[in-house]
>>> print(open('final_26.txt').read())   # compact mmCIF, C-alpha atoms and all ligand atoms
# COMPACT_ATOMS: atom_id res chain seq x y z
CA MET A 1 112.63 59.12 4.83
CA LYS A 2 115.13 61.45 3.23
CA GLU A 3 114.36 63.85 0.41
CA GLU A 4 116.85 66.38 -0.98
CA ASN A 5 117.11 68.53 -4.06
CA ASN A 6 120.25 69.07 -6.13
CA TYR A 7 121.98 66.24 -4.32
CA SER A 8 125.55 64.98 -4.85
CA LEU A 9 125.77 61.35 -6.02
CA LEU A 10 129.48 61.07 -5.24
CA ARG A 11 128.86 58.75 -2.26
CA HIS A 12 126.36 56.71 -4.28
CA ASN A 13 128.57 55.43 -7.11
CA THR A 14 131.70 53.36 -6.63
CA PHE A 15 133.28 54.88 -9.78
CA GLY A 16 133.57 58.05 -7.70
CA ILE A 17 131.96 60.28 -10.35
CA ASP A 18 131.10 63.68 -8.93
CA VAL A 19 127.66 64.51 -10.34
CA THR A 20 124.31 65.52 -8.90
CA CYS A 21 120.67 64.56 -9.33
CA SER A 22 117.73 66.98 -9.30
CA LYS A 23 116.04 65.09 -6.44
CA PHE A 24 117.15 62.24 -4.17
CA ILE A 25 114.70 60.17 -2.15
CA GLU A 26 115.56 57.40 0.29
CA PHE A 27 112.91 55.20 1.91
CA GLU A 28 113.21 53.04 5.02
CA SER A 29 109.99 51.03 4.85
CA VAL A 30 107.46 49.65 2.40
CA GLU A 31 104.89 52.19 3.59
CA GLU A 32 107.29 55.09 2.93
CA LEU A 33 107.96 53.71 -0.55
CA GLN A 34 104.25 53.34 -1.32
CA ASN A 35 103.73 56.90 -0.21
CA ILE A 36 106.56 58.12 -2.46
CA VAL A 37 105.24 56.16 -5.44
CA CYS A 38 101.72 57.55 -5.02
CA ASN A 39 103.03 61.13 -4.88
CA ILE A 40 105.50 61.04 -7.78
CA SER A 41 104.67 63.78 -10.28
CA GLU A 42 105.64 64.41 -13.89
CA ASN A 43 108.21 66.96 -12.65
CA ASP A 44 110.04 64.21 -10.77
CA MET A 45 110.61 62.17 -13.92
CA PRO A 46 112.67 60.35 -15.03
CA LEU A 47 113.37 58.02 -12.11
CA LEU A 48 116.57 56.17 -11.44
CA ILE A 49 116.48 53.44 -8.80
CA ILE A 50 119.90 52.71 -7.36
CA GLY A 51 121.39 50.23 -4.92
CA GLY A 52 124.95 50.60 -3.68
CA GLY A 53 125.91 52.27 -6.98
CA SER A 54 128.52 49.56 -7.53
CA ASN A 55 127.29 48.74 -11.01
CA LEU A 56 126.57 52.23 -12.22
CA LEU A 57 128.32 54.71 -14.54
CA LEU A 58 126.94 58.24 -14.33
CA THR A 59 127.84 60.19 -17.45
CA GLY A 60 126.56 63.56 -16.23
CA ASP A 61 124.21 65.25 -13.77
CA TYR A 62 120.98 63.26 -13.54
CA ARG A 63 118.03 65.50 -14.43
CA GLY A 64 115.46 63.46 -12.58
CA THR A 65 114.84 61.66 -9.27
CA VAL A 66 117.15 59.06 -7.81
CA ILE A 67 115.46 56.63 -5.42
CA HIS A 68 117.40 54.49 -2.96
CA SER A 69 116.22 51.80 -0.58
CA ALA A 70 117.34 52.04 3.03
CA ILE A 71 115.15 49.12 4.14
CA LYS A 72 117.36 47.28 6.61
CA GLY A 73 117.13 44.14 8.68
CA HIS A 74 116.59 40.44 8.16
CA GLU A 75 114.28 37.76 9.48
CA ILE A 76 115.07 34.08 9.72
CA LEU A 77 112.68 31.23 9.10
CA GLN A 78 114.02 27.75 9.79
CA THR A 79 112.59 25.02 7.57
CA ASP A 80 113.11 21.24 7.55
CA ASP A 81 115.62 21.40 4.76
CA GLY A 82 117.25 24.81 5.28
CA VAL A 83 116.86 28.39 6.31
CA LEU A 84 114.93 31.21 4.67
CA ILE A 85 116.49 34.60 5.28
CA ARG A 86 114.32 37.59 4.31
CA CYS A 87 116.47 40.68 3.88
CA GLY A 88 115.66 44.36 3.41
CA SER A 89 116.70 45.54 -0.06
CA GLY A 90 118.96 48.22 1.45
CA GLU A 91 121.10 45.74 3.39
CA VAL A 92 124.73 45.52 2.30
CA TRP A 93 125.11 42.23 0.42
CA ASP A 94 128.35 41.14 2.07
CA ASP A 95 126.95 41.77 5.57
CA ILE A 96 124.32 39.12 4.76
CA VAL A 97 126.98 36.72 3.46
CA LEU A 98 129.07 37.17 6.62
CA PHE A 99 126.03 36.75 8.88
CA SER A 100 124.97 33.55 7.08
CA VAL A 101 128.42 31.98 7.07
CA CYS A 102 128.89 32.76 10.77
CA ASN A 103 125.55 31.13 11.59
CA GLY A 104 126.32 27.93 9.68
CA TRP A 105 123.84 28.63 6.86
CA TYR A 106 125.51 27.82 3.58
CA GLY A 107 125.33 28.72 -0.10
CA MET A 108 126.58 32.31 -0.20
CA GLU A 109 130.27 31.72 0.62
CA ASN A 110 131.48 32.06 -3.00
CA LEU A 111 129.66 35.38 -3.33
CA SER A 112 131.71 36.96 -0.53
CA LEU A 113 132.81 40.58 -0.86
CA ILE A 114 130.70 41.36 -3.93
CA PRO A 115 129.96 45.05 -3.51
CA GLY A 116 126.38 46.28 -3.57
CA GLU A 117 123.09 45.79 -1.83
CA VAL A 118 120.46 43.06 -1.50
CA GLY A 119 117.96 44.65 -3.93
CA ALA A 120 120.53 44.72 -6.73
CA SER A 121 121.45 41.06 -6.17
CA ALA A 122 117.97 40.14 -7.39
CA ILE A 123 118.02 42.42 -10.42
CA GLN A 124 121.54 41.77 -11.57
CA ASN A 125 121.75 38.07 -10.63
CA ILE A 126 125.20 38.77 -9.19
CA GLY A 127 127.63 35.91 -9.53
CA ALA A 128 131.17 34.80 -8.81
CA TYR A 129 133.23 31.62 -8.50
CA GLY A 130 130.58 29.31 -9.91
CA VAL A 131 127.60 30.56 -7.86
CA GLU A 132 124.89 33.05 -8.82
CA ALA A 133 122.25 34.82 -6.72
CA LYS A 134 119.59 32.87 -8.65
CA ASP A 135 120.84 29.68 -6.96
CA LEU A 136 119.77 31.17 -3.61
CA ILE A 137 116.83 33.49 -4.33
CA TYR A 138 113.54 32.10 -3.06
CA LYS A 139 111.24 35.11 -3.30
CA VAL A 140 111.43 38.79 -4.32
CA GLU A 141 109.03 41.39 -2.89
CA ALA A 142 108.52 44.74 -4.59
CA VAL A 143 106.24 47.73 -5.01
CA GLU A 144 104.77 48.34 -8.44
CA LEU A 145 105.59 51.87 -9.56
CA ALA A 146 102.39 52.43 -11.56
CA THR A 147 100.03 51.46 -8.72
CA GLY A 148 101.94 51.35 -5.43
CA ASN A 149 100.72 47.75 -5.02
CA LEU A 150 102.80 45.12 -3.26
CA VAL A 151 103.86 42.24 -5.45
CA GLU A 152 105.76 39.01 -4.86
CA PHE A 153 107.76 37.00 -7.36
CA SER A 154 109.09 33.48 -7.13
CA ASN A 155 112.55 32.64 -8.42
CA SER A 156 111.15 31.20 -11.65
CA ASP A 157 108.99 34.31 -12.28
CA CYS A 158 112.20 36.37 -12.52
CA LEU A 159 113.62 34.37 -15.48
CA TYR A 160 117.19 34.47 -14.26
CA SER A 161 120.17 33.80 -16.49
CA TYR A 162 123.79 35.02 -16.61
CA ARG A 163 123.67 38.59 -15.21
CA GLN A 164 120.08 38.83 -16.48
CA SER A 165 116.58 38.88 -15.08
CA LYS A 166 113.13 40.07 -16.06
CA PHE A 167 113.86 43.17 -13.93
CA LYS A 168 116.45 44.16 -16.58
CA LYS A 169 114.10 43.46 -19.49
CA GLU A 170 110.25 43.51 -19.57
CA TRP A 171 110.07 44.66 -15.93
CA ARG A 172 112.69 47.40 -16.28
CA ASP A 173 111.67 50.44 -14.18
CA LYS A 174 108.32 48.84 -13.28
CA TYR A 175 109.10 47.69 -9.73
CA ILE A 176 111.14 48.78 -6.73
CA ILE A 177 112.41 45.84 -4.71
CA THR A 178 111.76 45.93 -0.97
CA TYR A 179 112.78 42.49 0.32
CA VAL A 180 114.62 39.48 -1.04
CA THR A 181 114.33 36.05 0.60
CA TYR A 182 117.24 33.65 0.09
CA LYS A 183 117.14 29.93 0.77
CA LEU A 184 120.28 28.62 2.44
CA SER A 185 121.30 25.12 3.42
CA LYS A 186 122.28 23.77 6.82
CA ASN A 187 124.51 21.29 5.03
CA TYR A 188 127.82 22.61 3.80
CA THR A 189 128.78 21.64 0.24
CA PRO A 190 131.88 23.66 -0.64
CA ARG A 191 132.23 24.62 -4.30
CA LEU A 192 135.91 24.69 -5.07
CA ASN A 193 136.07 23.89 -8.76
CA TYR A 194 136.02 27.41 -10.16
CA GLY A 195 139.28 29.09 -11.20
CA ASN A 196 142.07 29.04 -8.66
CA ILE A 197 140.06 28.48 -5.45
CA ARG A 198 141.38 24.96 -4.87
CA SER A 199 145.00 25.84 -5.67
CA LYS A 200 144.85 28.92 -3.45
CA LEU A 201 143.56 26.75 -0.57
CA LEU A 202 146.25 24.14 -1.20
CA GLU A 203 148.92 26.85 -1.00
CA MET A 204 147.76 27.28 2.59
CA GLY A 205 147.68 23.52 3.17
CA ILE A 206 143.86 23.41 3.29
CA VAL A 207 142.14 20.51 1.55
CA LYS A 208 138.72 20.63 3.19
CA PRO A 209 138.05 24.29 3.98
CA SER A 210 135.45 25.39 6.49
CA ALA A 211 132.92 27.89 5.14
CA VAL A 212 134.81 30.68 6.93
CA GLN A 213 138.10 29.56 5.34
CA LEU A 214 136.43 29.42 1.93
CA ARG A 215 134.96 32.90 2.41
CA ASN A 216 138.35 34.26 3.45
CA THR A 217 140.03 32.65 0.44
CA ILE A 218 137.47 34.16 -1.94
CA ILE A 219 138.06 37.52 -0.28
CA ASP A 220 141.83 37.14 -0.76
CA ILE A 221 141.42 36.21 -4.45
CA ARG A 222 139.06 39.14 -5.07
CA ASN A 223 141.35 41.57 -3.25
CA SER A 224 144.33 40.41 -5.30
CA LYS A 225 142.57 40.97 -8.65
CA LEU A 226 139.98 43.66 -8.15
CA PRO A 227 140.75 47.25 -7.18
CA ASP A 228 139.29 48.64 -3.95
CA PRO A 229 136.74 51.31 -4.98
CA LYS A 230 137.77 53.37 -1.95
CA VAL A 231 141.26 53.63 -3.42
CA GLU A 232 140.52 53.57 -7.17
CA GLY A 233 136.94 54.10 -8.37
CA ASN A 234 135.51 51.17 -10.34
CA ALA A 235 132.36 49.10 -10.80
CA GLY A 236 133.79 45.56 -10.81
CA SER A 237 133.52 43.82 -14.16
CA PHE A 238 132.59 46.52 -16.65
CA PHE A 239 131.61 44.10 -19.44
CA MET A 240 129.70 40.82 -19.53
CA ASN A 241 131.46 37.75 -20.85
CA PRO A 242 130.00 37.13 -24.32
CA ILE A 243 128.31 33.84 -25.13
CA VAL A 244 129.08 32.84 -28.72
CA LEU A 245 128.16 29.98 -31.05
CA THR A 246 130.43 26.96 -30.73
CA SER A 247 131.33 27.37 -34.42
CA LYS A 248 132.61 30.89 -33.70
CA TYR A 249 134.57 29.65 -30.70
CA GLU A 250 136.13 26.83 -32.78
CA GLU A 251 137.17 29.29 -35.47
CA LEU A 252 138.93 31.47 -32.87
CA ALA A 253 140.42 28.52 -30.98
CA LYS A 254 142.35 27.54 -34.13
CA LYS A 255 144.10 30.90 -33.98
CA TYR A 256 144.35 31.31 -30.18
CA ASP A 257 144.96 27.90 -28.66
CA GLU A 258 145.39 29.37 -25.15
CA MET A 259 142.01 31.15 -25.26
CA PRO A 260 140.06 30.44 -22.03
CA HIS A 261 136.44 29.38 -22.55
CA TYR A 262 133.52 27.83 -20.66
CA LYS A 263 131.08 25.47 -22.29
CA ILE A 264 127.48 26.70 -21.86
CA ASP A 265 125.69 23.95 -23.84
CA SER A 266 126.27 21.91 -26.99
CA GLU A 267 125.88 25.03 -29.16
CA HIS A 268 127.41 27.83 -27.07
CA GLU A 269 130.65 28.82 -25.36
CA LYS A 270 131.41 31.75 -23.06
CA ILE A 271 134.65 33.61 -23.76
CA PRO A 272 136.11 35.85 -21.04
CA ALA A 273 135.94 39.46 -22.21
CA GLY A 274 138.87 40.24 -19.87
CA TRP A 275 141.11 37.92 -21.89
CA MET A 276 140.06 39.52 -25.20
CA ILE A 277 140.60 43.04 -23.82
CA GLU A 278 144.07 42.01 -22.65
CA GLN A 279 144.82 40.57 -26.13
CA CYS A 280 143.86 43.95 -27.57
CA GLY A 281 146.65 45.45 -25.47
CA TRP A 282 144.46 47.39 -23.08
CA LYS A 283 145.43 45.85 -19.73
CA GLY A 284 146.98 48.53 -17.51
CA LYS A 285 146.50 51.23 -20.19
CA SER A 286 144.59 54.51 -19.89
CA LEU A 287 142.68 56.97 -22.03
CA GLY A 288 142.66 60.30 -20.21
CA ASN A 289 141.72 59.66 -16.60
CA ALA A 290 139.95 56.39 -17.41
CA GLY A 291 141.99 53.21 -17.21
CA VAL A 292 141.94 49.44 -17.56
CA HIS A 293 142.93 47.70 -14.33
CA ASP A 294 146.42 46.19 -14.52
CA LYS A 295 145.43 42.91 -12.81
CA GLN A 296 142.02 42.30 -14.44
CA ALA A 297 141.26 43.81 -17.83
CA LEU A 298 137.50 43.42 -17.37
CA VAL A 299 137.59 46.23 -14.82
CA LEU A 300 137.67 49.88 -15.86
CA VAL A 301 138.98 52.32 -13.27
CA ASN A 302 138.83 55.99 -12.46
CA LYS A 303 142.50 56.99 -12.39
CA GLY A 304 141.52 60.15 -10.49
CA GLY A 305 139.06 62.85 -11.42
CA ALA A 306 137.68 60.93 -14.43
CA THR A 307 134.34 62.06 -15.77
CA GLY A 308 131.68 59.51 -16.64
CA LYS A 309 132.07 60.52 -20.28
CA GLU A 310 135.80 59.67 -20.20
CA ILE A 311 135.00 56.20 -18.87
CA LEU A 312 132.27 55.78 -21.48
CA ASN A 313 134.75 56.82 -24.18
CA LEU A 314 137.19 54.13 -22.99
CA CYS A 315 134.30 51.63 -22.96
CA THR A 316 133.29 52.33 -26.56
CA THR A 317 136.93 52.29 -27.74
CA ILE A 318 137.44 48.86 -26.14
CA ILE A 319 134.18 47.50 -27.62
CA ALA A 320 135.34 48.62 -31.09
CA ASP A 321 138.82 47.08 -30.63
CA VAL A 322 137.41 43.73 -29.47
CA LYS A 323 135.00 43.73 -32.41
CA SER A 324 137.77 44.47 -34.87
CA LYS A 325 140.20 41.83 -33.48
CA PHE A 326 137.77 39.00 -32.66
CA ASP A 327 134.56 39.93 -34.51
CA ILE A 328 132.70 39.54 -31.21
CA ASP A 329 130.35 42.10 -29.68
CA ILE A 330 130.82 42.74 -25.97
CA TYR A 331 128.31 44.64 -23.87
CA PRO A 332 128.64 46.59 -20.64
CA GLU A 333 127.43 44.86 -17.49
CA VAL A 334 127.40 48.25 -15.84
CA ASN A 335 124.26 50.37 -15.97
CA ILE A 336 125.15 53.55 -17.91
CA LYS A 337 123.08 56.66 -17.15
N1 LIG B 1 141.60 36.81 -18.04
C1 LIG B 1 142.70 37.27 -18.75
N2 LIG B 1 143.05 38.57 -18.61
C2 LIG B 1 142.37 39.43 -17.80
C3 LIG B 1 141.26 38.96 -17.08
C4 LIG B 1 140.88 37.64 -17.22
O1 LIG B 1 143.35 36.52 -19.48
O2 LIG B 1 142.79 40.58 -17.71
C5 LIG B 1 141.26 35.38 -18.14
C6 LIG B 1 141.60 34.66 -16.83
O3 LIG B 1 142.92 34.21 -16.81
C7 LIG B 1 140.62 33.52 -16.82
C8 LIG B 1 139.39 34.11 -17.50
O4 LIG B 1 139.85 35.23 -18.26
O5 LIG B 1 141.08 32.46 -17.60
C9 LIG B 1 138.31 34.52 -16.53
O6 LIG B 1 138.82 35.46 -15.61
P1 LIG B 1 138.29 35.59 -14.10
O7 LIG B 1 138.18 34.25 -13.47
O8 LIG B 1 139.10 36.63 -13.42
O9 LIG B 1 136.80 36.04 -14.22
P2 LIG B 1 136.00 36.96 -15.23
O10 LIG B 1 135.30 36.11 -16.23
O11 LIG B 1 136.90 38.03 -15.77
C10 LIG B 1 133.78 36.82 -13.82
C11 LIG B 1 132.79 37.77 -13.24
C12 LIG B 1 133.35 38.40 -11.97
C13 LIG B 1 133.66 37.32 -10.97
C14 LIG B 1 134.67 36.36 -11.61
C15 LIG B 1 134.96 35.17 -10.73
C16 LIG B 1 131.51 38.60 -15.12
C17 LIG B 1 131.19 39.77 -15.97
N3 LIG B 1 132.46 38.80 -14.20
O12 LIG B 1 134.92 37.61 -14.23
O13 LIG B 1 132.32 39.23 -11.42
O14 LIG B 1 134.19 37.85 -9.77
O15 LIG B 1 134.14 35.84 -12.86
O16 LIG B 1 133.83 34.34 -10.67
O17 LIG B 1 130.92 37.54 -15.27
C18 LIG B 1 131.53 41.47 -11.39
O18 LIG B 1 130.54 41.05 -11.99
O19 LIG B 1 131.66 42.67 -11.08
C19 LIG B 1 132.61 40.54 -11.08
C20 LIG B 1 133.75 40.94 -10.54
>>> encode(input="final_26.txt", output="C-alpha cells")
Amino acid sequence: MKEENNYSLLRHNTFGIDVTCSKFIEFESVEELQNIVCNISENDMPLLIIGGGSNLLLTGDYRGTVIHSAIKGHEILQTDDGVLIRCGSGEVWDDIVLFSVCNGWYGMENLSLIPGEVGASAIQNIGAYGVEAKDLIYKVEAVELATGNLVEFSNSDCLYSYRQSKFKKEWRDKYIITYVTYKLSKNYTPRLNYGNIRSKLLEMGIVKPSAVQLRNTIIDIRNSKLPDPKVEGNAGSFFMNPIVLTSKYEELAKKYDEMPHYKIDSEHEKIPAGWMIEQCGWKGKSLGNAGVHDKQALVLVNKGGATGKEILNLCTTIIADVKSKFDIDIYPEVNIK
C-alpha cells in the first residue's frame, strides 16, 4: 500500500495537468482496500477514485483524498462456450486486450489501445468501433465504501448504456471496483462494419483479417486520429455524442445533408459531436493553451502548460457554440473535478 500527503497528480492524468491532492492512497489487494475504507475519517473527505486518469480533467488542486487501485493480475476460467478472464481493476486495459488476442480469446479486438485501466472500463462502459465493454463484462466485484463489504454485480445489475452505468448514477462514489470478469469467445467473429475499418484493411489487401491484424488496424486508425497523451495531453473524446429525437435530426438533415448520424431506434438518432464542433469552426483552433485536436474535433488537447481551468473554459465555449448553431446540448464524457 502507498499513502502520501500533498502528492502530485501529474503522472495520474493524461491531460498532463500539474496539480496536487491532499492525500493519495494506492491499494494492491482487496484486504488493503477494506482496511483503507474502514479507517477513512472526515478529514480525508472528499474522496476521488481514479483509474488511469485518462478520462479526467483536474481543474485545480484536489483538497481531499485520491484513491487508486493497483490490484494487478488475471485468472482464466475456461468454460464450454468461452473463457472468463477475471482481471484486477488496476490492470492496464490494453494489456488485457493484447493478452486475450494473443491467446485466441476474442471479443476485445475493436477496443484495442483505449487508454485506461480495467476498473474504469466497467464504470465508463468504454467503447470503440462498434463494441462496448458491456458486450464483454460478465461480473464486477467491488468494495462498498460505507461498510467495507464485498459486493458482486452481474452485467445486468450495472444498467449499461452508451458511456453510462449505474456506477455513474445511483452508485456514484458508493463502490470501489476491485475485479472485473470479462467473457470472451473462442470463436472469432470479426466486426468490420464500423467506420473505415474495412476500407483500411482493403488498402493493405486484407479481406479476412486475423484478430491480430484487426487489432493492429484499429491501433493504426486510432494513432492516425487521436493524439498520443505522452506528446500532447488529452483525455480522448472530451464530449459524448448526443442522442436526439428523430424529428430534431430530420430538421437538421434538411439543412446539412452531409451530417453523419447513427440510428439508435425508431425515435432517436446519435449525431457525432466531433462533426458539430468542426462545423462550428473549432477543429485545430486554440483558446490560450487549450486546443481542439486538428484531426478529431471531439478531442481537446493541452497545447503545453494548460491549466485545467483553461481546458474547462474551452469546453464551455464549445458547448455554447454547438448549442447556438445546432440547438443541441452536448455534455462532457470526461470527469471534471
Ligand atoms: N467527424 C467529423 N469531424 C471531426 C470528428 C468526427 O466530421 O472532427 C465525423 C467523422 O467523419 C464521422 C463521425 O464524425 O463521420 C464519427 O467520428 P469517429 O468515427 O471518429 O468517432 P467519434 O464519434 O468522434 C467515437 C468514440 C471514440 C471512438 C470512436 C470510434 C465517443 C464519445 N467517442 O468517437 O471513443 O474511438 O467513436 O469508435 O463515443 C473515447 O471515448 O475517448 C474515444 C476515443
>>> residues_near_ligand(input="final_26.txt", ligand="ligand LIG 1 (chain B)", cutoff="8 Å", atoms="only C-alpha atoms and all ligand atoms", output="ChimeraX atom specification")
/A:55,114,126-131,162-163,194-195,222,225-226,235-241,259-261,271-279,283,293-299,333
>>> atom_distance(input="final_26.txt", atom1="CA of Gly281 in chain A", atom2="CA of Asn223 in chain A")
23.2 Å
>>> atom_distance(input="final_26.txt", atom1="CA of Ser112 in chain A", atom2="CA of Gly16 in chain A")
22.4 Å
>>> closest_residue(input="final_26.txt", among="A:Pro227, A:Gly82, A:Gly53, A:Gly148", to="Cys38 in chain A", atoms="only C-alpha atoms")
A:Gly148
>>> atom_distance(input="final_26.txt", atom1="CA of Ser266 in chain A", atom2="CA of Leu192 in chain A")
24.1 Å
